[in-house]
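Each remark here refers to the structure printed beneath this line.
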Amino acid sequence: MSNPSPDRPTRTRHGLIACARLVLCFAPALLPGAVIAAAPDGAALFAERCAACHDHASDRIPSTVYLATTRSPEDVIDALTRGAMQAQGTGLTAEERVALATHLTGRPPSAGGRADPMANRCSQPLEPTHVQSGDSNGWGMDRQNTRFQSQPGLTAADLPRLKLKWVFAFPGAVVYGQPALVGKQILTSGSGGYLFSLDPNSGCTHWVYNAGATLRTPSLVGSVKLPHAKHHTTQPTTRQLVWIGDDKGTLHAVDTQTGTLVWKRRLDEHLAARLLGAPTLYHGVLYQPVSSLEEVYAANPQYPCCSFRGSIVALDPATGRVLWKKTTIQEPWSDLPKNESGKVIRGPAGGSVFSSPTVDPERNLLYVGSGDSYTNVKTASTDAIIAMNATTGARVWTHQVDPNDAWIMLCNGRSVDNCPSELGPDFDFSASPILVKPTHGPQMLIAASKSGAVYGLDPAHGGKALWMRSIVKGSSNGGILWGGAVDGTTAYIGTSEYDLASGTGGGALVALDLVTGAIRWQTPTPASPCGWGPARCGHSVLAAVTATADIIFAGAMDGHIRAYAPTDGHILWEFDVSQRFDAVNGVTATGGGIDYGGQVLVQGLLLVQSGSPRQRGNALLAFSVDGQ
Ligand code: HEC
């Protein structure tokens, strides 16, 4: 070990792997043949590889105490091997991961591992199902992402009789994605990398597909023509596939009848690429947005910043063949002058796409919301709503709301290492834009930003802003995160004053006039108690909202799902999911914060996913009238 380079990982005398300048180690198999000490020291490993972030919780970094109280040792291992901390886990041995998980949570992982994902196999075979109108499929109920359910099979008059029908427990501690209910099948992922096909009536399991990586996007189902697998005939057969994306940037296409993989494709070779927004299917083309965690990677001073650009990838849904890929950022790469750390920063980078694209069939356009920039190299396409031709991907217009939002984790205003000299606020468009034709007025594109501002854009005039309304203070965690729903007159949007460090903060459901942006009403989330106790009991509405003609559903970080009256916002019904439930698959389901896609309503069944990276939980709850 003579002459260790300051840029290369070095070995400590404990036989552990360290980085000369701490934060992250990247290279896999850093030391081939390294002799690992018999029992790795979890505390030392944590100090070397994790503490730089987790001992200084800020922005989106959860604190050590938070991780210790909200995560199980199995969750920590999942995070390091297939979840958000894969990069930080690179090069660790299985023993080192166990040592870290034990150190962080105070107990060793159970030897038996996770519960059997097929524990509650259905006794009846799965009937072939087909996509029909009124299904909940993909992100937004329709391709315009209105999140308006016109055939919910439930009205406000039924709410007093809405009862819990069954609860399913996901393996893992966090629930991502959004269930699709198509025909007689629920397709949902939860965490832990499994895609489940469940029966809507009983919650029993038809099949499980193991993706080998954390699945993040909502599920989308559609039909394709494929060569007949068994008989090798040239006659194609129609098969129904479910598409779902993972944390490693791979899109999976799985047969809905059998649960077998039909194809999978990595859509971006970048180390930090991941898929979070739902795919959408339009005119036989599948569109998948791509985002990244490079903001987190670049907190490591050794990391060469930056090289990722968010994109939309258009694919053949039957084969996964890439038709085109268009990045949000279009400017050529260039270098900034050396900064005070002697680093040369490349850009522009960033412009992640976290949300499902919105289809405008009349103009043959896709509308895409982009995230912030990672460097101070100028670009016109970050924090923007972008219109692209759905056939070719060609740019039609770009409406940028903040040209100066360059953000890297852990920078806190310092302009050293990879940090932007002017640090931006980390305001992304993380919610899908919504295309809507109000009953009285021209078509509108409603776009909500983490800044807390909602924009009414004019799709007929290049996305010109017709109005802008700031409805909550913005933050890195999102003043508005996963977005709202609309009906013919009003946009219903959840707001958040969530503070990650304390896990507290209020929120509201806000109703805005579609034509003018005027606030019609706002209902602060009541301070209901959380089943997990007063600590980390926040009332923010981060999850997306779902609307019907006479009910607006919104879930909050306090683990309550609430139904609001669209007329004046009074609460019609609520249910506390922040409890423990005996799940149909034989284990205990724990309700946590309601985040992300949250709830869908279809065929008289309200499906609520509970469990957030911010407040863990692993429950899928199904409600129906009288629990029938
Ligand atoms: C560069 C900063 C950084 C470093 C270093 C880092 N983390 Fe993290 N960690 C984060 C961020 C940011 C998140 C939240 C990720 C998200 O929201 O997707 C996170 C989340 C987690 C989570 C929760 C994942 C989940 O289930 O939601 C665990 C567990 C975790 N880290 C463990 C570790 C361990 C163990 C190490 C060291 C091997 C480590 N982290 C190193 C920044 C870091």
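Note on naming: chains are A, B, ... as they come in the structure tokens, residues start from 1 per chain, ligands start from 1 in the order shown.
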
Next item on the list: Return as JSON, numbers by chain the residues of protein, DNA or RNA that approach ligand 1 to within 8 Å, with only C-alpha atoms and all ligand atoms taken into account.
Entry: {"A": [23, 24, 45, 46, 48, 49, 50, 51, 52, 53, 54, 59, 60, 61, 62, 67, 71, 75, 76, 77, 78, 79, 80, 83, 84, 85, 88, 89, 97, 100, 101, 104, 173, 174, 293, 296, 297, 298, 299, 300, 409, 410, 612, 613, 614]}

Those of segment 114-330 of chain A in DSSP alpha helix (DSSP H), formatted as number ranges by chain: A: 294-297

Output N, CA, C and O atoms of each residue in that selection to a file, as a compact mmCIF listing (two decimals), in the first residue's frame.
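Output file result36.txt is given in full below:
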# COMPACT_ATOMS: atom_id res chain seq x y z
N GLU A 294 -27.90 11.43 -9.61
CA GLU A 294 -26.54 12.00 -9.70
C GLU A 294 -26.34 13.16 -8.72
O GLU A 294 -25.23 13.40 -8.27
N GLU A 295 -27.42 13.84 -8.34
CA GLU A 295 -27.31 14.89 -7.31
C GLU A 295 -26.72 14.36 -6.02
O GLU A 295 -26.08 15.08 -5.27
N VAL A 296 -27.02 13.07 -5.73
CA VAL A 296 -26.50 12.45 -4.51
C VAL A 296 -25.07 11.97 -4.75
O VAL A 296 -24.18 12.18 -3.92
N TYR A 297 -24.82 11.35 -5.89
CA TYR A 297 -23.47 10.87 -6.20
C TYR A 297 -22.46 12.00 -6.16
O TYR A 297 -21.34 11.85 -5.69

Restricting to only C-alpha atoms, whichever of A:Gly452, A:Gly203, A:Gly342, A:Gly517 is closest to Gln302 of chain A is A:Gly342

Could you check the closest approach to Asn210 of chain A for each of A:Val254, A:Val416, A:Ile186, A:Val242 and tell me which residue wins, using only C-alpha atoms?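 Comparing A:Val254, A:Val416, A:Ile186, A:Val242 against Asn210 of chain A, the winner is A:Val254.
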
### Spatial neighbours of Cys122 of chain A, 7 Å, only C-alpha atoms, chain gap at least 2 places, as an MDAnalysis selection string
chainID A and resid 120 124 204:206
